[in-house]
file run-v6.txt (compact mmCIF, C-alpha atoms)
# COMPACT_ATOMS: atom_id res chain seq x y z
CA MET J 205 81.61 -17.06 10.69
CA GLN J 206 84.14 -14.25 10.84
CA ARG J 207 85.85 -13.26 14.06
CA GLY J 208 85.83 -9.51 14.72
CA ASP J 209 89.09 -7.69 15.35
CA PRO J 210 89.83 -8.11 19.08
CA GLY J 211 91.55 -4.72 19.26
CA VAL J 212 88.40 -2.86 18.20
CA HIS J 213 86.24 -4.62 20.77
CA ARG J 214 88.67 -3.89 23.60
CA GLY J 215 88.87 -0.22 22.60
CA GLY J 216 85.11 0.02 22.68
CA ARG J 217 84.89 -1.47 26.15
CA SER J 218 87.47 0.92 27.60
CA GLN J 219 85.42 3.97 26.74
CA SER J 220 84.39 4.41 30.43
CA PRO J 221 80.72 3.44 30.26
CA GLY J 222 80.52 4.44 33.96
CA ALA J 223 80.57 8.16 33.16
CA GLY J 224 77.90 7.82 30.47
CA ALA J 225 75.69 5.79 32.77
CA GLY J 226 76.25 8.28 35.62
CA GLY J 227 75.22 11.28 33.52
CA GLY J 228 72.22 9.46 32.11
CA SER J 229 71.00 8.31 35.50
CA ARG J 230 71.44 11.80 37.05
CA GLY J 231 69.17 13.32 34.40
CA GLY J 232 66.88 10.33 34.80
CA ARG J 233 66.79 10.82 38.59
CA LYS J 234 65.58 14.42 38.17
CA ASP J 235 62.84 13.31 35.78
CA ALA J 236 61.89 10.43 38.05
CA ASN J 237 61.66 12.78 41.06
CA SER J 238 59.47 15.30 39.29
CA ALA J 239 57.25 12.51 37.96
CA LEU J 240 56.94 11.03 41.46
CA LEU J 241 56.03 14.46 42.86
CA SER J 242 53.38 15.03 40.20
CA ASN J 243 51.87 11.60 40.78
CA TYR J 244 51.77 12.31 44.53
CA GLU J 245 50.03 15.66 43.89
CA THR J 246 47.50 13.97 41.62
CA LEU J 247 46.76 11.32 44.25
CA LYS J 248 46.42 14.02 46.91
CA TYR J 249 43.98 15.94 44.69
CA ILE J 250 41.86 12.88 44.00
CA SER J 251 41.84 11.80 47.66
CA LYS J 252 40.18 15.09 48.61
CA THR J 253 37.29 14.53 46.19
CA PRO J 254 34.25 12.35 46.84
CA CYS J 255 35.60 9.85 44.27
CA ARG J 256 37.97 8.45 46.85
CA HIS J 257 35.68 5.71 48.08
CA GLN J 258 34.26 4.62 44.75
CA SER J 259 34.73 1.14 43.38
CA PRO J 260 33.85 -0.36 39.98
CA GLU J 261 30.66 -1.89 41.47
CA ILE J 262 29.48 1.46 42.80
CA VAL J 263 30.13 3.06 39.41
CA ARG J 264 28.20 0.30 37.65
CA GLU J 265 25.29 0.63 40.09
CA PHE J 266 25.23 4.40 39.59
CA LEU J 267 25.26 4.14 35.80
CA THR J 268 22.39 1.63 35.75
CA ALA J 269 20.37 3.92 38.02
CA MET J 270 21.08 6.83 35.66
CA LYS J 271 19.81 5.04 32.56
CA ASN J 272 16.28 6.40 32.65
CA HIS J 273 17.34 10.00 33.26
CA LYS J 274 18.78 10.27 29.74
CA LEU J 275 21.98 12.18 30.49
CA THR J 276 24.98 12.46 28.22
CA LYS J 277 28.24 10.67 29.01
CA ALA J 278 29.95 13.94 29.98
CA GLU J 279 27.14 14.83 32.40
CA LYS J 280 27.22 11.40 34.09
CA LEU J 281 31.02 11.69 34.37
CA GLN J 282 30.75 15.06 36.11
CA LEU J 283 28.10 13.71 38.50
CA LEU J 284 30.46 10.85 39.36
CA ASN J 285 33.41 13.17 39.87
CA HIS J 286 31.72 15.84 41.94
CA ARG J 287 28.79 14.15 43.74
CA PRO J 288 26.61 17.31 43.72
CA MET J 289 24.42 17.88 46.76
CA THR J 290 22.43 20.93 45.69
CA ALA J 291 20.17 21.77 42.75
CA VAL J 292 22.50 24.63 41.74
CA GLU J 293 25.35 22.20 41.17
CA ILE J 294 23.12 19.93 39.07
CA GLN J 295 22.15 22.90 36.93
CA LEU J 296 25.83 23.60 36.32
CA MET J 297 26.66 20.07 35.26
CA VAL J 298 23.55 19.18 33.26
CA GLU J 299 23.10 21.35 30.20
CA GLU J 300 19.73 23.09 29.85
CA SER J 301 18.49 21.38 32.99
CA GLU J 302 15.51 23.74 33.32
CA GLU J 303 14.17 22.50 29.98
CA ARG J 304 15.14 18.85 30.27
CA LEU J 305 14.40 18.09 33.92
CA THR J 306 11.47 19.06 36.14
CA GLU J 307 11.99 19.92 39.80
CA GLU J 308 10.94 16.44 40.94
CA GLN J 309 13.40 14.88 38.51
CA ILE J 310 16.21 17.08 39.87
CA GLU J 311 15.26 16.02 43.42
CA ALA J 312 15.21 12.37 42.35
CA LEU J 313 18.62 12.80 40.69
CA LEU J 314 20.06 14.37 43.84
CA HIS J 315 18.63 11.53 45.91
CA THR J 316 20.16 8.87 43.63
CA VAL J 317 23.53 10.60 43.68
CA THR J 318 23.72 11.01 47.44
CA SER J 319 22.43 7.52 48.17
CA ILE J 320 24.56 5.48 45.76
CA LEU J 321 27.81 7.45 45.72
CA PRO J 322 29.77 7.40 48.98
CA ALA J 323 30.39 10.74 50.70
CA GLY J 324 33.67 12.59 50.41
CA PRO J 325 36.35 12.92 53.11
CA GLU J 326 34.91 16.21 54.53
CA ALA J 327 31.54 14.64 55.20
CA GLU J 328 33.39 11.76 56.93
CA GLN J 329 35.30 14.23 59.10
CA LYS J 330 32.07 15.90 60.18
CA ALA J 331 30.62 12.50 61.09
CA ASN J 332 33.77 11.63 63.09
CA THR J 333 33.76 14.88 65.09
CA SER J 334 30.08 14.43 65.97
CA ASP J 335 30.91 10.87 67.13
CA ASP J 336 33.74 12.26 69.30
CA VAL J 337 31.35 14.74 70.92
CA THR J 338 28.94 11.97 71.91
CA MET J 339 31.85 9.84 73.25
CA ASP J 340 32.96 12.70 75.53
CA GLU J 341 29.43 13.03 76.88
CA GLU J 342 29.28 9.34 77.69
CA ASP J 343 32.71 9.10 79.40
CA PRO J 344 32.08 11.10 82.62
CA ALA J 345 28.81 9.18 83.05
CA MET O 269 39.26 15.27 33.70
CA PHE O 270 41.51 12.35 32.81
CA VAL O 271 41.52 10.47 29.53
CA LEU O 272 43.24 7.31 28.37
CA VAL O 273 45.41 7.99 25.33
CA GLU O 274 46.70 5.19 23.11
CA MET O 275 50.28 5.79 22.08
CA VAL O 276 53.05 3.94 20.27
CA ASP O 277 56.72 4.41 21.03
CA THR O 278 60.05 2.64 20.75
CA VAL O 279 61.61 2.01 24.15
CA ARG O 280 65.34 1.55 24.58
CA ILE O 281 66.41 -0.82 27.37
CA PRO O 282 70.15 -0.62 28.22
CA PRO O 283 71.97 -3.95 28.64
CA TRP O 284 72.51 -3.69 32.40
CA GLN O 285 68.73 -3.93 32.85
CA PHE O 286 68.34 -7.13 30.83
CA GLU O 287 68.03 -9.24 34.00
CA ARG O 288 64.76 -7.50 34.90
CA LYS O 289 61.44 -8.53 33.41
CA LEU O 290 60.90 -6.73 30.10
CA ASN O 291 57.47 -5.43 31.08
CA ASP O 292 58.81 -3.82 34.26
CA SER O 293 61.73 -2.15 32.48
CA ILE O 294 59.45 -0.82 29.74
CA ALA O 295 56.91 0.51 32.25
CA GLU O 296 59.66 2.29 34.15
CA GLU O 297 61.17 3.80 31.00
CA LEU O 298 57.80 5.03 29.75
CA ASN O 299 56.98 6.60 33.09
CA LYS O 300 60.38 8.28 33.24
CA LYS O 301 59.93 9.61 29.72
CA LEU O 302 56.35 10.90 29.83
CA ALA O 303 55.13 11.39 33.42
CA ASN O 304 54.54 15.05 34.33
CA LYS O 305 55.29 16.10 30.75
CA VAL O 306 52.91 17.86 28.39
CA VAL O 307 52.44 16.27 24.97
CA TYR O 308 51.48 18.81 22.30
CA ASN O 309 47.72 18.76 21.58
CA VAL O 310 47.22 15.81 23.93
CA GLY O 311 47.56 16.99 27.53
CA LEU O 312 49.55 16.51 30.71
CA CYS O 313 50.67 12.88 31.03
CA ILE O 314 50.21 11.43 34.51
CA CYS O 315 51.23 7.76 34.47
CA LEU O 316 51.15 4.56 32.46
CA PHE O 317 47.81 2.72 32.49
CA ASP O 318 48.72 -0.53 30.73
CA ILE O 319 50.74 -2.01 27.88
CA THR O 320 48.50 -3.31 25.09
CA LYS O 321 51.08 -4.78 22.70
CA LEU O 322 54.77 -5.49 22.72
CA GLU O 323 56.45 -6.09 19.42
CA ASP O 324 59.75 -7.91 18.92
CA ALA O 325 62.81 -6.38 20.56
CA TYR O 326 65.74 -5.65 18.24
CA VAL O 327 69.41 -5.02 18.97
CA PHE O 328 71.05 -2.72 16.45
CA PRO O 329 74.74 -2.77 15.48
CA GLY O 330 76.84 -0.37 17.53
CA ASP O 331 74.33 -0.19 20.38
CA GLY O 332 74.08 -3.01 22.92
CA ALA O 333 70.62 -1.93 24.09
CA SER O 334 67.37 -3.50 22.95
CA HIS O 335 64.75 -1.45 21.17
CA THR O 336 61.13 -2.49 21.55
CA LYS O 337 58.11 -0.96 19.84
CA VAL O 338 55.37 -0.67 22.48
CA HIS O 339 51.65 0.06 22.12
CA PHE O 340 50.39 1.38 25.45
CA ARG O 341 47.72 3.49 27.11
CA TYR O 342 48.61 6.50 29.23
CA VAL O 343 46.51 8.40 31.75
CA VAL O 344 46.47 12.02 30.54
CA PHE O 345 44.97 15.08 32.18
CA HIS O 346 42.82 16.75 29.53
CA PRO O 347 39.56 18.27 30.76
CA PHE O 348 36.86 18.60 28.12
CA LEU O 349 35.32 21.94 27.21
CA ASP O 350 32.72 23.20 29.72
CA GLU O 351 33.83 20.74 32.37
CA ILE O 352 33.43 21.82 35.99
CA LEU O 353 36.58 21.52 38.11
CA ILE O 354 37.44 22.37 41.69
CA GLY O 355 40.79 24.03 42.36
CA LYS O 356 42.62 26.27 44.84
CA ILE O 357 43.30 29.95 44.31
CA LYS O 358 47.04 30.38 43.86
CA GLY O 359 46.96 34.18 43.69
CA CYS O 360 45.40 37.21 42.04
CA SER O 361 46.93 39.66 39.61
CA PRO O 362 45.56 42.35 37.30
CA GLU O 363 45.44 39.64 34.60
CA GLY O 364 42.90 37.66 36.59
CA VAL O 365 42.71 34.90 39.17
CA HIS O 366 45.33 32.12 39.02
CA VAL O 367 43.98 28.72 40.03
CA SER O 368 45.93 25.55 40.72
CA LEU O 369 44.91 21.90 40.91
CA GLY O 370 47.99 20.77 42.84
CA PHE O 371 49.43 18.80 39.96
CA PHE O 372 48.53 21.42 37.33
CA ASP O 373 49.07 25.12 37.85
CA ASP O 374 48.47 27.06 34.65
CA ILE O 375 44.80 27.93 34.98
CA LEU O 376 43.73 31.55 34.60
CA ILE O 377 40.32 33.14 35.07
CA PRO O 378 40.34 36.48 33.22
CA PRO O 379 38.57 39.49 34.79
CA GLU O 380 35.66 39.42 32.33
CA SER O 381 34.77 35.85 33.38
CA LEU O 382 34.54 36.63 37.10
CA GLN O 383 31.18 37.05 38.81
CA GLN O 384 30.13 40.56 37.83
CA PRO O 385 30.53 43.20 39.17
CA ALA O 386 34.15 42.51 40.20
CA LYS O 387 36.96 44.88 41.07
CA PHE O 388 40.66 44.47 41.80
CA ASP O 389 41.74 45.65 45.25
CA GLU O 390 45.21 47.15 44.65
CA ALA O 391 46.13 47.34 48.32
CA GLU O 392 45.59 43.66 49.02
CA GLN O 393 46.20 42.51 45.42
CA VAL O 394 43.02 40.46 45.44
CA TRP O 395 39.90 40.32 43.26
CA VAL O 396 36.60 41.13 44.93
CA TRP O 397 33.05 40.26 43.92
CA GLU O 398 30.71 43.13 44.84
CA TYR O 399 27.57 41.18 45.62
CA GLU O 400 24.43 43.31 45.82
CA THR O 401 21.56 42.37 48.11
CA GLU O 402 18.69 44.43 49.56
CA GLU O 403 20.82 45.21 52.65
CA GLY O 404 23.64 46.71 50.55
CA ALA O 405 26.76 45.60 48.75
CA HIS O 406 28.78 42.69 50.23
CA ASP O 407 32.42 42.50 49.24
CA LEU O 408 33.36 38.87 48.68
CA TYR O 409 37.14 38.48 48.58
CA MET O 410 38.90 35.79 46.54
CA ASP O 411 41.73 34.96 48.93
CA THR O 412 44.71 32.73 48.23
CA GLY O 413 44.23 29.12 49.31
CA GLU O 414 40.45 29.16 48.96
CA GLU O 415 38.82 26.36 47.00
CA LEU O 416 36.74 27.39 44.04
CA ARG O 417 34.59 25.75 41.39
CA PHE O 418 35.14 26.91 37.80
CA ARG O 419 34.17 25.91 34.27
CA VAL O 420 36.85 25.19 31.65
CA VAL O 421 36.21 27.58 28.79
CA ASP O 422 39.32 27.37 26.65
CA GLU O 423 42.63 25.57 26.41
CA SER O 424 45.80 26.38 24.49
CA PHE O 425 48.83 24.32 23.61
CA VAL O 426 52.14 26.00 22.86
CA ASP O 427 54.90 24.11 21.10
CA THR O 428 57.95 24.63 23.30
CA SER O 429 60.37 22.53 21.25
CA PRO O 430 63.80 24.15 20.98
CA THR O 431 64.25 26.40 17.95
CA GLY O 432 67.00 25.98 15.38
CA PRO O 433 70.44 27.68 15.35
CA SER O 434 69.40 30.58 13.05
CA SER O 435 67.01 32.09 15.59
CA ALA O 436 69.50 31.42 18.45
CA GLU O 437 72.06 33.77 16.83
CA ALA O 438 69.56 36.63 16.76
CA ALA O 439 68.58 35.96 20.38
CA SER O 440 72.19 35.92 21.68
CA SER O 441 72.82 39.44 20.32
CA SER O 442 70.17 40.88 22.67
CA GLU O 443 70.53 40.11 26.36
CA GLU O 444 67.02 38.89 27.08
CA LEU O 445 66.55 35.48 28.68
CA PRO O 446 64.41 32.99 26.76
CA ARG O 447 60.76 33.48 27.84
CA LYS O 448 59.35 30.45 29.62
CA GLU O 449 55.92 29.78 28.22
CA ALA O 450 53.65 27.24 29.79
CA PRO O 451 53.08 24.46 27.21
CA TYR O 452 49.47 23.88 28.26
CA THR O 453 47.19 26.52 29.76
CA LEU O 454 43.51 26.48 30.65
CA VAL O 455 41.15 29.44 30.73
CA GLY O 456 38.30 29.22 33.22
CA SER O 457 35.13 31.11 33.98
CA ILE O 458 33.11 31.60 37.16
CA CYS O 459 30.39 33.71 35.62
CA GLU O 460 27.43 31.44 36.44
CA PRO O 461 25.42 30.76 39.61
CA GLY O 462 27.09 27.97 41.53
CA LEU O 463 30.60 28.85 40.35
CA GLY O 464 33.23 30.62 42.38
CA LEU O 465 34.40 30.02 45.94
CA LEU O 466 32.77 26.97 47.49
CA SER O 467 31.99 29.00 50.62
CA TRP O 468 29.77 31.38 48.59
CA TRP O 469 27.30 28.61 47.72
CA THR O 470 27.23 26.21 50.69
CA SER O 471 24.14 26.65 52.85
CA SER O 472 25.16 26.25 56.50

call {"tool": "encode", "arguments": {"input": "run-v6.txt", "output": "structure tokens"}}
result
Amino acid sequence: MQRGDPGVHRGGRSQSPGAGAGGGSRGGRKDANSALLSNYETLKYISKTPCRHQSPEIVREFLTAMKNHKLTKAEKLQLLNHRPMTAVEIQLMVEESEERLTEEQIEALLHTVTSILPAGPEAEQKANTSDDVTMDEEDPA
Amino acid sequence: MFVLVEMVDTVRIPPWQFERKLNDSIAEELNKKLANKVVYNVGLCICLFDITKLEDAYVFPGDGASHTKVHFRYVVFHPFLDEILIGKIKGCSPEGVHVSLGFFDDILIPPESLQQPAKFDEAEQVWVWEYETEEGAHDLYMDTGEELRFRVVDESFVDTSPTGPSSAEAASSSEELPRKEAPYTLVGSICEPGLGLLSWWTSS
């Protein structure tokens, strides 16, 4: 085993690692802040969509219900992400829906989507305000 | 909208972080390095999903830090072609309608992909859809802050890596500032029934 030259080691240590660490962490702090902001924006975006209340069980239930409709993976993904409530939206997400699905099938698809997938935050808000209205009517009585 | 991308990278952990658990340090370093950054031909990286494999960590001579090769999966924003997305109108210009998703801003809908017929109102700097019914023409304005549904029609990646010294000399002779190009842009379309402002298609 050879011992290194003690002078070299001491010189290396005195090279003020504080300054290097300070500069590195300042640049790192800027990156970390912008990353935190972008993650927050992403979470905010997702929380406004109907996907907010989904869980793995709901997704599994939805996919099993979709098996006999014969949709592609991309179409099922879009149905999960957007929870369409009208036939127009289904026509947008399912390619060539006029040729592949009859009107009853589109209605059945809409029914499956709205029954299995939980509603988005706006639908919840509407339900809450209607509850508040009924509460006010009951209070004076 | 989001995909999981498998990546491999070597992560450097400085010695003053050796007391922390290796997995935590590596997750933090990967997030600091990639979150909110666009990777060329991959997409906008959001956050780390999980670490699939950690290889042995090595310490190299001259550097006290440990270097670990990591196999991991990252959540990346990369909508597929023809996907329907919902975004907010950021503004209108003669180039088209600019849409933003909150975390991603560079989405443009060119004038030819708007609901036809469309015209640009110069006074209010806003695009208008002239919707014809039996009663006459309705002007439907595309105001800033409105939510709209659009289809992703095209995407383009631009390599924004810094250029070498030879081109820098030519640039410093002229006084122009380096042009900031967005590394990842999406082109959308609202030409079909059901697309456009959400308020146009909701039945009250």

call {"tool": "interface_residues", "arguments": {"input": "run-v6.txt", "of": "chain J", "to": "chain O", "cutoff": "6 Å", "atoms": "all atoms listed in the file", "output": "ChimeraX atom specification"}}
result
/J:236,239,242,245-246,292

call {"tool": "atom_distance", "arguments": {"input": "run-v6.txt", "atom1": "atom CA of Leu416 of chain O", "atom2": "atom CA of Ile357 of chain O"}}
result
7.0 Å

call {"tool": "atom_distance", "arguments": {"input": "run-v6.txt", "atom1": "atom CA of Val327 of chain O", "atom2": "atom CA of Lys234 of chain J"}}
result
27.6 Å

call {"tool": "atom_distance", "arguments": {"input": "run-v6.txt", "atom1": "atom CA of Ser381 of chain O", "atom2": "atom CA of Glu299 of chain J"}}
result
18.9 Å

call {"tool": "residues_around", "arguments": {"input": "run-v6.txt", "residues": "Tyr326 of chain O", "least_positions_apart": "2", "cutoff": "9 Å", "atoms": "only C-alpha atoms", "output": "ChimeraX atom specification"}}
result
/O:324,328,333-336

call {"tool": "closest_residue", "arguments": {"input": "run-v6.txt", "among": "O:Asn291, O:Thr453, O:Ser361, O:Thr278", "to": "Ile375 of chain O", "atoms": "all atoms listed in the file"}}
result
O:Thr453

call {"tool": "residues_near_point", "arguments": {"input": "run-v6.txt", "point": "(20.3, 6.0, 37.3)", "cutoff": "12 Å", "atoms": "only C-alpha atoms", "output": "PyMOL selection string"}}
result
chain J and resi 262-275+280+283-284+309+312-321

call {"tool": "write_last_selection", "arguments": {"input": "run-v6.txt", "atoms": "C-alpha atoms", "output": "short mmCIF file (atom, residue, chain, number, x, y, z; two decimals), in the coordinates of the input"}}
result
data_model
loop_
_atom_site.label_atom_id
_atom_site.label_comp_id
_atom_site.auth_asym_id
_atom_site.auth_seq_id
_atom_site.Cartn_x
_atom_site.Cartn_y
_atom_site.Cartn_z
CA ILE J 262 29.48 1.46 42.80
CA VAL J 263 30.13 3.06 39.41
CA ARG J 264 28.20 0.30 37.65
CA GLU J 265 25.29 0.63 40.09
CA PHE J 266 25.23 4.40 39.59
CA LEU J 267 25.26 4.14 35.80
CA THR J 268 22.39 1.63 35.75
CA ALA J 269 20.37 3.92 38.02
CA MET J 270 21.08 6.83 35.66
CA LYS J 271 19.81 5.04 32.56
CA ASN J 272 16.28 6.40 32.65
CA HIS J 273 17.34 10.00 33.26
CA LYS J 274 18.78 10.27 29.74
CA LEU J 275 21.98 12.18 30.49
CA LYS J 280 27.22 11.40 34.09
CA LEU J 283 28.10 13.71 38.50
CA LEU J 284 30.46 10.85 39.36
CA GLN J 309 13.40 14.88 38.51
CA ALA J 312 15.21 12.37 42.35
CA LEU J 313 18.62 12.80 40.69
CA LEU J 314 20.06 14.37 43.84
CA HIS J 315 18.63 11.53 45.91
CA THR J 316 20.16 8.87 43.63
CA VAL J 317 23.53 10.60 43.68
CA THR J 318 23.72 11.01 47.44
CA SER J 319 22.43 7.52 48.17
CA ILE J 320 24.56 5.48 45.76
CA LEU J 321 27.81 7.45 45.72
#

call {"tool": "residues_near_point", "arguments": {"input": "run-v6.txt", "point": "(35.8, 27.7, 29.3)", "cutoff": "7 Å", "atoms": "all atoms listed in the file", "output": "short mmCIF file (atom, residue, chain, number, x, y, z; two decimals) with C-alpha atoms, keeping the file's coordinate frame"}}
result
data_model
loop_
_atom_site.label_atom_id
_atom_site.label_comp_id
_atom_site.auth_asym_id
_atom_site.auth_seq_id
_atom_site.Cartn_x
_atom_site.Cartn_y
_atom_site.Cartn_z
CA LEU O 349 35.32 21.94 27.21
CA ASP O 350 32.72 23.20 29.72
CA ARG O 419 34.17 25.91 34.27
CA VAL O 420 36.85 25.19 31.65
CA VAL O 421 36.21 27.58 28.79
CA ASP O 422 39.32 27.37 26.65
CA VAL O 455 41.15 29.44 30.73
CA GLY O 456 38.30 29.22 33.22
CA SER O 457 35.13 31.11 33.98
#

call {"tool": "residues_around", "arguments": {"input": "run-v6.txt", "residues": "Ala295 of chain O", "least_positions_apart": "2", "cutoff": "12 Å", "atoms": "all atoms listed in the file", "output": "ChimeraX atom specification"}}
result
/O:277,279-281,288-293,297-303,315-320,322,336,338-342
